[in-house]
Amino acid sequence: MTTAAVAPEQFYQAGLHVPFIAPWSNETPLPGEIVKITGRGGSGIGYADELSQADRRRGTLWVRQAVQRGRGTSNLAAVHPLRQRQAMSHMLCQVCGRTTYDDSFARWGERHLVITRAVGGRPISDGEKTTSPPVCEPCAVESIGACPHLRKGYAAALVEWTQFWGVAGIVYDPTTLQPIDPGGTGAEAEDGLAMVPYESPLIRWTLAARDVSTLHGCTPIDLADLATYSVANQNPRPAGAPGHGCRRPVRGEEHVSR
């Protein structure tokens, strides 16, 4: 006998549905002294009191932040690092926190819905990098009307599979151990964070705040068509692609292990 997953509690603020990945005022940053460490593969940053199982994922150091969802006031413009990572890893809806392996996923031919900010309406393309977790159908429709960022322009696509690419975070100078402005790292930047691939030497000097994945098998879609979109009118899966709705492992994971 299997036990159904417990749906996360839903919270509302000023009439708005607070996204699962939004942080709350009681979820303050936690202390952690950044130090230089040397391990397998070379040198990089770590915490002076580091607990690798809690502080690292795929060999990369992550920011520390308290977890008290629903306590205090939500910050709808920010992202909680742990919940964003959970949503990216387990394909959870970024708004309600429920799985996106649902009835719509089956109807769409085992594809997940991804929505990104896109002023000017540029469509989502294959191989595009994103820090946005998927969205379930009801939350997608709700978000377009409620989210001020998306009201400025968005793009939506049904995605066959995703692959971990790297992280968005703060890169530290190997000599001074001071944060480097994202513009000075040579990396792409998003919301003041440097986008660093796992294969980059910078990954060992990066304090991660968000997971970054690439999107593959993308079918751009108008949200008005979601309710009637079904596997019957989708294109076949490209040859050589993994099964629909799958995630490929990270290439070179061994390069970022401590």
# chains A, B, ... in the order shown; residues from 1 in each chain; ligands from 1
call {"tool": "residues_around", "arguments": {"residues": "Leu61 (chain A)", "least_positions_apart": "2", "cutoff": "7 Å", "atoms": "only C-alpha atoms", "output": "list in words"}}
result
Gly46, Asp55, Arg56, Arg57, Gly59, Val63, Thr206, Leu207 and Ala208 of chain A
call {"tool": "residues_around", "arguments": {"residues": "region 77-82 of chain A", "least_positions_apart": "5", "cutoff": "8 Å", "atoms": "only C-alpha atoms", "output": "MDAnalysis selection string"}}
result
chainID A and resid 21:23 63 65 209:210
call {"tool": "write_last_selection", "arguments": {"atoms": "C-alpha atoms", "output": "short mmCIF file (atom, residue, chain, number, x, y, z; two decimals), in the first residue's frame"}}
result
data_model
loop_
_atom_site.label_atom_id
_atom_site.label_comp_id
_atom_site.auth_asym_id
_atom_site.auth_seq_id
_atom_site.Cartn_x
_atom_site.Cartn_y
_atom_site.Cartn_z
CA ILE A 21 9.76 29.16 -3.36
CA ALA A 22 9.25 32.65 -1.87
CA PRO A 23 11.13 33.37 1.39
CA VAL A 63 24.08 29.63 1.20
CA GLN A 65 19.08 30.25 5.25
CA ALA A 209 21.89 30.36 -4.15
CA ARG A 210 19.90 28.73 -7.00
#
call {"tool": "closest_residue", "arguments": {"among": "A:Gly127, A:Gly44, A:Gly169, A:Pro138", "to": "Gly217 (chain A)", "atoms": "only C-alpha atoms"}}
result
A:Gly127
call {"tool": "closest_residue", "arguments": {"among": "A:Trp161, A:Tyr47, A:Tyr198, A:Tyr12", "to": "Arg111 (chain A)", "atoms": "only C-alpha atoms"}}
result
A:Trp161
call {"tool": "closest_residue", "arguments": {"among": "A:Ala189, A:Leu150, A:Val114, A:Ile144", "to": "Cys93 (chain A)", "atoms": "only C-alpha atoms"}}
result
A:Val114
call {"tool": "select_by_dssp", "arguments": {"residues": "region 17-258 of chain A", "states": "alpha helix (DSSP H)", "output": "VMD selection string"}}
result
chain A and resid 52 to 55 81 to 90 103 to 107 137 to 146 148 to 151
call {"tool": "closest_residue", "arguments": {"among": "A:Thr28, A:Thr131, A:Thr99, A:Ser104", "to": "Phe164 (chain A)", "atoms": "only C-alpha atoms"}}
result
A:Thr131
call {"tool": "closest_residue", "arguments": {"among": "A:Ile115, A:Ile221, A:Ala106, A:Leu202", "to": "Val135 (chain A)", "atoms": "only C-alpha atoms"}}
result
A:Ile115
call {"tool": "closest_residue", "arguments": {"among": "A:Pro197, A:Gly166, A:Pro31, A:Gly109", "to": "Ala48 (chain A)", "atoms": "only C-alpha atoms"}}
result
A:Pro31
call {"tool": "atom_distance", "arguments": {"atom1": "CA of Pro133 (chain A)", "atom2": "CA of Arg98 (chain A)"}}
result
11.6 Å
call {"tool": "atom_distance", "arguments": {"atom1": "CA of Arg64 (chain A)", "atom2": "CA of Arg204 (chain A)"}}
result
16.7 Å
call {"tool": "residues_around", "arguments": {"residues": "Cys139 (chain A)", "least_positions_apart": "2", "cutoff": "8 Å", "atoms": "only C-alpha atoms", "output": "ChimeraX atom specification"}}
result
/A:93,95-96,135-137,141-143
call {"tool": "write_last_selection", "arguments": {"atoms": "C-alpha atoms", "output": "JSON list (two decimals), in the first residue's frame"}}
result
[["chain", "number", "residue", "atom", "x", "y", "z"],
["A", 93, "CYS", "CA", 5.37, 23.50, -8.85],
["A", 95, "VAL", "CA", 3.81, 28.20, -6.66],
["A", 96, "CYS", "CA", 1.96, 25.48, -4.75],
["A", 135, "VAL", "CA", 4.50, 25.27, -12.78],
["A", 136, "CYS", "CA", 1.30, 23.25, -12.62],
["A", 137, "GLU", "CA", -1.58, 24.24, -14.90],
["A", 141, "VAL", "CA", -3.05, 30.60, -15.11],
["A", 142, "GLU", "CA", -3.19, 32.23, -11.67],
["A", 143, "SER", "CA", 0.40, 33.51, -11.83]]
